[in-house]
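Novice: Here you go, final.txt (compact mmCIF, C-alpha atoms):
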```txt
# COMPACT_ATOMS: atom_id res chain seq x y z
CA MET I 1 96.98 97.58 80.23
CA ALA I 2 96.78 94.26 82.10
CA ARG I 3 93.64 93.48 84.11
CA LEU I 4 93.48 91.43 87.31
CA PRO I 5 90.33 89.82 88.76
CA VAL I 6 90.24 89.29 92.53
CA LEU I 7 87.43 86.84 93.28
CA MET I 8 85.63 86.88 96.64
CA TYR I 9 84.16 83.72 98.17
CA HIS I 10 82.54 82.93 101.51
CA ASN I 11 80.94 79.59 102.40
CA VAL I 12 81.28 76.28 100.54
CA THR I 13 78.79 73.40 100.64
CA PRO I 14 78.64 69.89 99.16
CA ASN I 15 74.89 70.37 98.55
CA ASP I 16 73.91 71.86 95.20
CA SER I 17 70.54 72.94 96.59
CA GLU I 18 72.28 75.24 99.10
CA SER I 19 74.37 77.03 96.44
CA VAL I 20 73.00 80.56 96.67
CA GLU I 21 74.24 84.04 97.60
CA LEU I 22 77.28 83.73 99.95
CA THR I 23 77.42 79.93 99.71
CA ILE I 24 78.78 78.07 96.69
CA SER I 25 78.52 74.34 96.05
CA THR I 26 81.62 72.22 95.61
CA SER I 27 80.44 71.22 92.12
CA LYS I 28 80.23 74.86 91.00
CA PHE I 29 83.50 75.77 92.68
CA GLU I 30 85.26 72.86 91.00
CA GLU I 31 83.75 73.84 87.64
CA GLN I 32 85.23 77.32 88.11
CA LEU I 33 88.68 76.02 89.09
CA GLN I 34 88.63 73.62 86.15
CA TYR I 35 87.85 76.52 83.82
CA LEU I 36 90.74 78.56 85.24
CA ALA I 37 93.08 75.61 84.70
CA GLU I 38 91.86 74.97 81.15
CA LYS I 39 92.34 78.63 80.22
CA ASN I 40 95.83 78.72 81.76
CA TYR I 41 95.11 81.24 84.49
CA THR I 42 97.72 81.58 87.23
CA THR I 43 96.36 81.85 90.77
CA ILE I 44 98.43 84.15 92.98
CA PHE I 45 98.33 85.13 96.63
CA ALA I 46 96.94 88.54 97.54
CA SER I 47 100.33 89.40 99.05
CA GLU I 48 101.92 89.07 95.61
CA LEU I 49 100.06 92.26 94.63
CA MET I 50 102.33 94.26 96.91
CA ASN I 51 104.62 94.37 93.89
CA SER I 52 101.98 94.65 91.20
CA ASN I 53 104.53 95.43 88.48
CA GLU I 54 105.56 91.76 88.42
CA ILE I 55 102.19 90.02 88.11
CA PRO I 56 102.08 87.41 85.30
CA ASP I 57 99.53 87.78 82.52
CA LYS I 58 96.24 85.93 83.09
CA SER I 59 96.61 85.99 86.86
CA VAL I 60 93.70 85.76 89.30
CA VAL I 61 93.41 86.05 93.09
CA LEU I 62 91.06 83.68 94.92
CA SER I 63 90.04 85.17 98.28
CA PHE I 64 87.89 83.70 101.05
CA ASP I 65 86.37 85.75 103.86
CA ASP I 66 85.78 84.58 107.44
CA VAL I 67 87.85 81.32 107.56
CA THR I 68 84.73 79.21 108.08
CA GLU I 69 85.27 75.52 108.75
CA ASN I 70 83.42 74.64 105.54
CA GLN I 71 86.23 76.29 103.57
CA LEU I 72 88.69 73.88 105.19
CA LEU I 73 86.45 70.86 104.56
CA TYR I 74 85.26 71.60 101.04
CA ALA I 75 87.32 74.35 99.36
CA LEU I 76 90.79 73.27 100.43
CA PRO I 77 90.67 69.78 98.82
CA LEU I 78 89.69 71.39 95.51
CA LEU I 79 92.41 74.01 95.79
CA LYS I 80 94.85 71.17 96.32
CA LYS I 81 93.44 69.13 93.42
CA TYR I 82 93.85 72.03 90.97
CA LYS I 83 97.05 73.37 92.58
CA CYS I 84 95.46 76.76 93.22
CA LYS I 85 96.58 79.39 95.71
CA ALA I 86 94.08 81.31 97.85
CA THR I 87 94.10 84.00 100.53
CA PHE I 88 91.88 83.44 103.60
CA PHE I 89 90.92 86.52 105.63
CA ILE I 90 90.47 86.08 109.41
CA PRO I 91 87.98 87.87 111.72
CA PHE I 92 90.20 87.26 114.75
CA ALA I 93 87.65 87.59 117.58
CA TYR I 94 85.65 84.66 116.21
CA ILE I 95 88.39 82.06 115.84
CA GLY I 96 87.03 78.75 117.16
CA LYS I 97 83.52 80.23 117.48
CA THR I 98 80.76 80.95 114.95
CA ASP I 99 79.86 83.76 112.54
CA THR I 100 77.61 85.60 114.98
CA TRP I 101 77.75 88.81 112.90
CA ASN I 102 75.49 86.79 110.56
CA ASP I 103 73.20 84.17 112.09
CA GLY I 104 75.90 82.18 113.87
CA SER I 105 75.27 79.03 111.84
CA GLU I 106 78.78 78.62 110.45
CA LYS I 107 81.73 77.42 112.51
CA ILE I 108 84.94 79.44 112.27
CA MET I 109 88.23 77.55 112.09
CA THR I 110 90.16 77.00 115.31
CA ILE I 111 93.73 78.16 115.91
CA GLU I 112 94.89 74.58 115.35
CA GLN I 113 93.07 74.37 112.03
CA LEU I 114 94.52 77.69 110.87
CA GLN I 115 98.00 76.53 111.85
CA SER I 116 97.52 73.29 109.90
CA LEU I 117 96.74 74.94 106.55
CA ASP I 118 99.17 74.16 103.74
CA THR I 119 101.13 77.38 103.21
CA GLU I 120 101.84 76.39 99.62
CA LEU I 121 98.10 76.73 98.96
CA VAL I 122 96.78 79.17 101.56
CA GLU I 123 98.00 82.42 103.05
CA LEU I 124 96.22 84.24 105.88
CA GLY I 125 95.22 87.92 105.91
CA HIS I 126 93.32 90.36 108.12
CA HIS I 127 89.52 90.71 108.20
CA SER I 128 89.48 92.89 111.34
CA PHE I 129 88.95 91.72 114.92
CA LEU I 130 85.20 92.18 115.48
CA HIS I 131 83.95 92.21 111.86
CA ARG I 132 82.39 95.67 112.21
CA LYS I 133 82.02 98.38 109.58
CA TYR I 134 85.06 100.63 109.80
CA ALA I 135 83.03 103.70 108.76
CA SER I 136 80.98 103.39 111.96
CA LEU I 137 84.03 103.28 114.27
CA THR I 138 86.17 106.00 115.83
CA ALA I 139 89.91 106.11 115.20
CA GLU I 140 90.45 104.81 118.74
CA GLU I 141 88.10 101.87 118.15
CA ILE I 142 89.82 101.02 114.87
CA GLN I 143 93.24 101.09 116.52
CA ASN I 144 91.96 98.90 119.34
CA ASP I 145 90.61 96.47 116.75
CA PHE I 146 94.07 96.23 115.17
CA ASP I 147 95.77 95.87 118.56
CA GLN I 148 93.57 92.92 119.49
CA SER I 149 94.15 91.26 116.10
CA PHE I 150 97.92 91.58 116.44
CA GLU I 151 97.76 90.14 119.96
CA ILE I 152 95.99 87.01 118.69
CA ILE I 153 98.62 86.67 115.97
CA ARG I 154 101.45 87.06 118.49
CA GLN I 155 100.00 84.71 121.11
CA ASN I 156 99.44 81.93 118.57
CA ASN I 157 102.46 82.46 116.32
CA LEU I 158 100.27 82.80 113.25
CA THR I 159 101.77 83.93 109.95
CA VAL I 160 99.46 86.66 108.63
CA VAL I 161 100.34 88.85 105.65
CA PRO I 162 99.82 92.65 105.90
CA ALA I 163 96.73 92.52 103.67
CA LEU I 164 93.24 93.48 104.84
CA ALA I 165 89.78 92.67 103.48
CA TYR I 166 87.37 95.33 104.72
CA PRO I 167 84.38 93.76 106.53
CA TYR I 168 81.33 94.29 104.30
CA GLY I 169 83.73 96.07 101.92
CA ASN I 170 83.18 99.10 104.14
CA PHE I 171 85.60 101.92 105.00
CA PRO I 172 85.32 105.72 105.53
CA LYS I 173 85.18 107.27 102.08
CA LYS I 174 85.19 111.05 102.66
CA GLY I 175 86.85 113.87 104.53
CA VAL I 176 89.02 113.77 107.62
CA GLN I 177 87.69 110.35 108.67
CA ASN I 178 88.96 108.92 105.37
CA GLU I 179 92.44 110.46 105.84
CA VAL I 180 92.69 109.29 109.44
CA PHE I 181 91.63 105.78 108.47
CA PHE I 182 94.30 105.36 105.79
CA ASP I 183 96.89 106.82 108.15
CA LEU I 184 95.92 104.10 110.64
CA LEU I 185 96.38 101.42 107.99
CA LYS I 186 99.89 102.71 107.32
CA LYS I 187 100.66 102.99 111.04
CA ASN I 188 99.67 99.34 111.52
CA GLY I 189 101.78 98.12 108.61
CA ILE I 190 98.91 97.21 106.31
CA GLN I 191 100.30 97.28 102.78
CA LEU I 192 97.26 96.15 100.80
CA ALA I 193 93.51 96.43 101.38
CA PHE I 194 90.47 95.12 99.52
CA ARG I 195 87.05 96.72 98.99
CA ILE I 196 84.34 95.14 96.83
CA GLY I 197 83.82 97.24 93.70
CA ASN I 198 82.90 94.23 91.51
CA ARG I 199 85.31 95.16 88.74
CA THR I 200 88.70 93.89 87.60
CA ASN I 201 91.80 95.90 88.55
CA LYS I 202 94.16 97.70 86.20
CA LEU I 203 97.82 96.77 86.70
CA PRO I 204 100.00 98.11 88.13
CA LEU I 205 97.66 99.03 90.98
CA LYS I 206 97.05 102.74 91.40
CA ASP I 207 95.78 102.57 95.00
CA LYS I 208 96.75 99.53 97.09
CA TYR I 209 94.16 100.40 99.76
CA LYS I 210 91.24 100.20 97.31
CA VAL I 211 91.81 96.95 95.43
CA LYS I 212 88.51 95.77 93.94
CA ARG I 213 87.09 92.30 94.50
CA ILE I 214 84.38 90.53 92.52
CA ASP I 215 81.64 88.84 94.53
CA VAL I 216 81.12 85.26 93.28
CA LYS I 217 77.59 84.13 94.16
CA GLY I 218 76.40 80.59 94.73
CA GLN I 219 73.73 80.90 92.03
CA ASP I 220 76.17 82.12 89.36
CA SER I 221 76.25 80.00 86.21
CA LEU I 222 79.57 79.20 84.58
CA LEU I 223 78.73 81.78 81.91
CA THR I 224 78.21 84.42 84.60
CA PHE I 225 81.49 83.39 86.22
CA LYS I 226 83.34 83.78 82.90
CA TRP I 227 81.85 87.23 82.45
CA LYS I 228 82.79 88.29 85.98
CA LEU I 229 86.30 87.01 85.41
CA ARG I 230 86.62 89.27 82.38
CA ILE I 231 85.06 92.52 83.60
CA GLY I 232 83.25 92.02 86.89
CA LYS I 233 79.62 92.01 87.98
CA LEU I 234 76.93 92.41 85.37
CA ARG I 235 75.03 95.67 85.77
CA LEU I 236 71.65 96.61 84.39
CA PHE I 237 71.26 100.15 83.10
```
Turn the structure described in the file into structure tokens.
Specialist:
Amino acid sequence: MARLPVLMYHNVTPNDSESVELTISTSKFEEQLQYLAEKNYTTIFASELMNSNEIPDKSVVLSFDDVTENQLLYALPLLKKYKCKATFFIPFAYIGKTDTWNDGSEKIMTIEQLQSLDTELVELGHHSFLHRKYASLTAEEIQNDFDQSFEIIRQNNLTVVPALAYPYGNFPKKGVQNEVFFDLLKKNGIQLAFRIGNRTNKLPLKDKYKVKRIDVKGQDSLLTFKWKLRIGKLRLF
């Protein structure tokens, strides 16, 4: 059975000394893209998984959370250089502001910057409105979060695919709350949703609302990256 890695990135920096945890240096990111190219991997958009029966062998999804300005400045030129596709997930309330759910140090792209992205390289997806954990919200709050996201999309004529990356990888996992949540995703037209999981996915996808992503860390060596690409995060037993 075919396996698909979905890689999760956040911030990108030109400074090697800052490459740690959620921030990866341009040198490491380029090393990873170069490896994918040398090994003949095909980068695909997340939206292409909506028909997971037609995914080419040796495919990989590159995904970026939060649409930080550093992704535009430092990741996009490398994506262009290596002709790689990527999906960028938007926390809509913070467009043109900063990542205040963290420490507020990173600028979020503006509407104009999002509109300027090369659609041959980048597609946009949902990362909620307020970047809150879905498991802590009521059904009414979740619906309101979707409503506000869709209003931003409508007002600014953004093209956003019906794919969602759960903030913090979090969603209600049990009981009635779980059933109500997935019903809300269907009601709002979401066709694909990403958790974390840190494992590759079997194709065709069994559950399109629980697609696993692999967290690529800034301190990862190329060897660690290769291992994650094959099976996911290393675990100590």
Novice: Go through I:Thr159, I:Lys133, I:Asn198, I:Leu114 and flag the residue nearest Phe171 in chain I, using all atoms listed in the file for the distances.
Specialist: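 Smallest distance to Phe171 in chain I is found for I:Lys133.
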Novice: Which residues are close to Ala93 in chain I, i.e. within 9 Å by all atoms listed in the file, leaving aside same-chain residues fewer than 2 positions away? Reply as a PDB file with C-alpha atoms, in the frame of the given file.
Specialist:
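This is the output file result.pdb:
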```
ATOM      1  CA  ILE I  90      90.470  86.080 109.410  1.00  0.00           C
ATOM      2  CA  PRO I  91      87.980  87.870 111.720  1.00  0.00           C
ATOM      3  CA  ILE I  95      88.390  82.060 115.840  1.00  0.00           C
ATOM      4  CA  GLY I  96      87.030  78.750 117.160  1.00  0.00           C
ATOM      5  CA  LYS I  97      83.520  80.230 117.480  1.00  0.00           C
ATOM      6  CA  SER I 128      89.480  92.890 111.340  1.00  0.00           C
ATOM      7  CA  PHE I 129      88.950  91.720 114.920  1.00  0.00           C
ATOM      8  CA  LEU I 130      85.200  92.180 115.480  1.00  0.00           C
ATOM      9  CA  HIS I 131      83.950  92.210 111.860  1.00  0.00           C
ATOM     10  CA  GLN I 148      93.570  92.920 119.490  1.00  0.00           C
ATOM     11  CA  SER I 149      94.150  91.260 116.100  1.00  0.00           C
ATOM     12  CA  ILE I 152      95.990  87.010 118.690  1.00  0.00           C
TER      13      ILE I 152
END
```
Novice: For the contact check between range 45-138 of chain I and range 181-187 of chain I, emit one row per residue of range 45-138 of chain I within 10 Å, containing the shortest atom pair and the distance in Å rounded to one decimal, counting all atoms listed in the file, chain then rising number order, as a Markdown table.
Specialist:
```
| residue | atom | partner | partner_atom | distance |
| --- | --- | --- | --- | --- |
| I:Tyr134 | CA | I:Phe181 | CA | 8.5 |
| I:Ala135 | CA | I:Phe181 | CA | 8.9 |
| I:Leu137 | CA | I:Phe181 | CA | 9.9 |
| I:Thr138 | CA | I:Phe181 | CA | 9.2 |
```
Novice: Which polymer residues have any atom within 10 Å of an atom of Arg195 in chain I, counting all atoms listed in the file, with same-chain residues fewer than 6 positions away left out, as a ChimeraX atom specification?
Specialist: /I:164-171,209-214
Novice: Quick one: of I:Ala75, I:Ala2, I:Leu192, I:Val216, who's nearest to Leu49 in chain I, counting all atoms listed in the file?
Specialist: I:Leu192
Novice: Point out the residue among I:Asn40, I:Thr13, I:Ser47, I:Gln34 with the least atom-to-atom distance to Glu69 in chain I, counting only C-alpha atoms.
Specialist: I:Thr13
Novice: Set the distance at 7 Å and use all atoms listed in the file: which residues neighbour Pro5 in chain I once local chain neighbours fewer than 6 positions away are removed? I'd like the list as a list in words.
Specialist: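 My reading of the contact set: Val60, Val61, Thr200, Asn201 and Leu229 of chain I.
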Novice: The selected residues should be written to file as an mmCIF file, in the coordinates of the input (atoms: C-alpha atoms).
Specialist:
```
data_model
loop_
_atom_site.group_PDB
_atom_site.id
_atom_site.type_symbol
_atom_site.label_atom_id
_atom_site.label_comp_id
_atom_site.auth_asym_id
_atom_site.auth_seq_id
_atom_site.Cartn_x
_atom_site.Cartn_y
_atom_site.Cartn_z
ATOM 1 C CA VAL I 60 93.700 85.760 89.300
ATOM 2 C CA VAL I 61 93.410 86.050 93.090
ATOM 3 C CA THR I 200 88.700 93.890 87.600
ATOM 4 C CA ASN I 201 91.800 95.900 88.550
ATOM 5 C CA LEU I 229 86.300 87.010 85.410
#
```
Novice: Choose the residue, out of I:Ser59, I:Ser105, I:Thr100, I:Thr68, that has the smallest atom-to-atom separation from Cys84 in chain I; count all atoms listed in the file.
Specialist: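 Counting all atoms listed in the file, the residue closest to Cys84 in chain I is I:Ser59.
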Novice: At a cut-off of 7 Å around the point (98.5, 81.5, 106.8) (file coordinates), what residues fall inside when counting all atoms listed in the file? I'd like the answer as a list in words.
Specialist: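 Nearby residues: Leu114, Leu117, Thr119, Val122, Glu123, Leu124, Leu158, Thr159 and Val160 of chain I.
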Novice: Counting only C-alpha atoms, which residue out of I:Met8, I:Lys206, I:Gly197, I:Pro14 sits closest to Leu73 in chain I?
Specialist: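 The shortest atom-to-atom distance to Leu73 in chain I comes from I:Pro14.
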